[in-house]
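Worksheet: the structure to be examined is printed underneath.
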Amino acid sequence: MAPYESDDTTTAGEVDEPRTGRRRAARYVVPVTVMGVAAATIGLVPAIASSGDPDLPEITAAQLIEKIAKSDVEQLSGTVKITTDLGLPDLGGLESGLMSGAVERGGDDGSSADPSARLTELASGTHTLRIAADGPDRQKVSILENAAEYSLIHNGKDVWGYDSASNEVHHGTVDAGGEHREQQPPTLPKDFAEEALKSVDDTTSVTVDGTAQVAGRDAYKLVVEPRQSGSTVGAISIAVDHETGVPLKFTLTPSSGGSAVVDVGFTKVSFDRPDASTFAFTPPKGAKVTEEGEAEHGREDSGKPERAPKSEEDLAKGLDGLKTLGKGWNTIATFDSGAPGGLPSGDAGGDLGGFVDSLGDRVKGGFGTGTVFSTRLINALVTEDGTVYVGAVTKDALVKAADAGK
Amino acid sequence: MSRAEAARGASPLWTLGLFRSELLTTFRRWRTLALLGVLAAVPVLVGVAVRIETGDGSSAGGGGGPAFISQITNNGLFLVFTALAATLPFFLPMAVGVVAGDALAGEANAGTLRYLLVAPAGRTRLLVTKYATVMAFCLVATLVVAVSALVTGALLFPLGDLTTLSGTRIGFAEGLGRALLIALVVAASLTGVAALGLFVSTLTHSGIAAMATTVGLLITVQILDQIPQLHALHPYLFSHHWLSFADLMRDPVYWDDLTRNLGLQALYAAVFGSAAWARFTTKDITA
């Protein structure tokens with residue numbers, strides 16, 4: 001367009017009245033105004049919408065916790081946004097490679113519709129979920145993806161996993177009563193809130209911090225904070241619906257500051273009974289159906305990936321001599337990994353040692369030397385003699401615990 | 001401008017006449033017909049490829065490829081969605097960019113723009129007519145892809161009830177209805193590019209330059225949309241929500257991104273449409 005730029009300048013000189021030039025400039029005010037109004041709308045509307053915290057009767061923290069416990073909402077549907085930022089090292093392709101190896105995805109007896117594999121995807125990044133529940137026997141969770149969706153449908157005895165991208169179906173059965181549900185990783189703010197409230201004891205401060213609007217509903221804000229220093233958990237904020245006592249939003253902020261480690265909240269919620277057709281599922285024509293039992297032998301080899309989210313627990317159970325140090329939020333788990341010499345370091349371990357070093361930091365203390373692996377929430381210290389200290393505590397607290405352990 | 005003001009009292013039928021003649025001029029061009037022919041060939045190509053690949057009973061896609069491709073063998077209607085998903089990122093907007101970029105600059109290049117303005121139509125009305133013609137092309141181009149895909153799908157694959165992304169069943173009639181709705185949403189997704197192309201077209205007297213600039217901008221925006229470091233910018237790029245049309249195949253329909261997409265297209269149309277108006281009504285027509 002540059003060569004034609006001169007059009008304006010030459011004609012401007014020929015203009016009889018200076019007014020015409022001004023009128024020309026004035027016309028460009030229209031697109032600029034449109035853009036300005038749009039920018040103001042984008043910037044201001046959310047601010048206006050979120051301002052004005054709702055007026056709700058005062059409530060104590062104890063009453064609010066009781067309200068959550070008493071809440072018996074069984075019918076609900078809505079959209080949940082879940083963002084997790086654990087600060088795990090980005091392993092990129094390696095991670096997915098390990099994942100696919102674990103469930104034999106793409107293999108003969110694996111299925112991309114396997115619930116355990118799909119739900120662990122939620123452990124990083126931002127996802128939009130759709131939730132529907134009608135009593136303990138009928139639930140549906142869908143992960144919305146780009147032009148695809150993964151749905152997990154529990155209807156009576158059947159548990160269906162349907163991956164629309166590959167048109168694959170995973171089918172399992174449960175005993176009535178929904179035992180299967182416990183094995184699923186948490187997806188609702190409620191699941192996270194219950195877990196957090198379990199750890200409430202005298203080392204915790206629980207306060208009600210005003211009110212907020214979540215998904216268009218008035219809610220109380222419950223703030224749970226560790227009293228001791230040394231924990232990596234800064235604060236947990238739970239928004240509780242004032243009518244039903246259902247936790248609507250759960251936010252865990254680390255003590256190091258920055259964005260939330262876990263942020264789960266409804267963006268839309270309804271407490272009406274979802275349509276029965278929501279839970280109806282018949283495998284579509286031509287879909288590859290994998291029955292749960294079929295892939296079983298693959299599972300035994302790979303350490304029960306069906307319970308992958310609980311694998312830490314399994315691991316902990318399997319290890320002898322697991323001890324916990326400290327209490328409350330500063331609890332540190334310690335066990336002997338049975339590998340004296342610890343992890344290979346850069347000097348001794350060659351290439352592998354260099355790789356391990358790049359993931360962790362070397363630390364020195366009264367206990368000797370060791371390697372600290374950090375995420376934004378969980379830190380782990382592996383000492384030279386193979387002892388492992390893990391906890392949601394700072395590096396310094398781990399070193400102190402290791403010193404005390406000597 | 002006095003001529004334009006004098007023409008303001010003209011009957012609306014005259015505007016329709018101008019619109020009709022513009023439509024005829026646009027759709028009679030060999031260039032336009034060739035673009036539509038290429039667009040119609042895409043679904044045939046995809047359909048035949050899937051048919052050949054799955055001829056031995058294996059499943060298509062396996063999670064890769066354009067959206068919905070793994071479903072085509074079970075229901076030919078899915079070819080409509082796959083074809084739209086495959087053409088929307090590039091083929092469709094490129095065709096629209098060519099037509100929009102040529103709309104005014106092409107006339108200026110051929111020396112016909114001043115004759116158009118001699119008629120008592122007024123520049124604003126001419127601009128609106130041009131934009132309406134480009135929009136009509138958006139709709140026709142999308143429908144050509146959709147109809148070609150539907151015919152190919154019906155010939156090569158079975159039709160019947162279909163499964164939504166969420167795993168629920170809907171009847172074939174409702175599926176057809178959703179396909180039509182998707183085609184309309186896809187056509188509406190192109191209005192932003194159309195307005196951008198028309199604005200570029202008012203800046204230059206060379207039709208080729210306007211087309212190249214519009215298509216170049218389209219590619220640039222698509223590349224910017226792929227760079228994760230620029231995620232703060234992404235929601236304002238006109239192509240960012242294009243694939244949200246697939247949300248119409250969820251059950252219940254997930255409207256958030258769809259409305260965001262349509263709102264963004266309206267914003268682009270308003271900003272670049274008014275910028276094109278500001279430029280076109282004030283510039284000197286020398287050719």
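How things are named: the first chain in the structure tokens is A, the next is B, and so on; residues count from 1 in each chain; ligands count from 1 in the order shown.
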Distance limit 8 Å, atoms considered: only C-alpha atoms. Which chain A residues sit that close to chain B? Return them as an MDAnalysis selection string. chainID A and resid 1 4 7:8 11 24 27:28 30:32 34:35 38 142 146:151 162 164:167 277:278 280:286
For range 243-259 of chain A, list every protein, DNA or RNA residue within 9 Å, evaluated using only C-alpha atoms, and leave out those in the same chain fewer than 2 positions away; present the list as a ChimeraX atom specification. /A:64-73,85,188-193,214-215,217-219,230-241,261-267,269,376-377
Could you write out, as number ranges by chain, all the residues of range 88-273 of chain B that DSSP marks as helix (DSSP H, G or I)? B: 91-110, 113-118, 123-156, 172-189, 191-203, 207-224, 228-230, 234-236, 242-249, 256-273
Quote the spacing between CA of Ala380 in chain A and CA of Lys395 in chain A in Å to one decimal place.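 Interatomic distance, CA of Ala380 in chain A to CA of Lys395 in chain A: 8.0 Å.
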So that I can check the surroundings of Thr220 in chain B, please list as JSON, numbers by chain every protein, DNA and RNA residue that reaches within 12 Å of it, counting only C-alpha atoms and ignoring chain neighbours fewer than 5 positions away. {"B": [90, 212, 213, 214, 215, 225, 226, 227, 237, 238, 239]}
Closest atom pairs, residues of range 114-223 of chain B within 6 Å of range 26-40 of chain B, only C-alpha atoms, as a Markdown table:
| residue | atom | partner | partner_atom | distance |
| --- | --- | --- | --- | --- |
| B:Val144 | CA | B:Ala40 | CA | 5.9 |
| B:Val145 | CA | B:Ala40 | CA | 5.2 |
| B:Ser148 | CA | B:Ala40 | CA | 5.6 |
Identify, on the basis of only C-alpha atoms, every residue whose closest approach to Arg138 in chain A does not exceed 12 Å; exclude the query and any residue fewer than 4 positions from it along the same chain; express the result as a VMD selection string. chain A and resid 74 to 77 131 to 134 152 to 160 174 176 to 178 180 to 181 273 to 281
Residues of range 108-242 of chain B classed as strand (DSSP E or B) by DSSP on the backbone are to be reported as a list of chain:residue names. B:Leu162, B:Thr163, B:Arg169, B:Ile170
Got time to write the residues from that selection, C-alpha atoms, as a PDB file, in the first residue's frame?
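Saved result, result_6.pdb, follows:
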ATOM      1  CA  LEU B 162     -25.280 -40.327  14.298  1.00  0.00           C
ATOM      2  CA  THR B 163     -23.429 -40.122  17.573  1.00  0.00           C
ATOM      3  CA  ARG B 169     -27.501 -40.351  19.719  1.00  0.00           C
ATOM      4  CA  ILE B 170     -29.369 -38.006  17.396  1.00  0.00           C
TER       5      ILE B 170
END
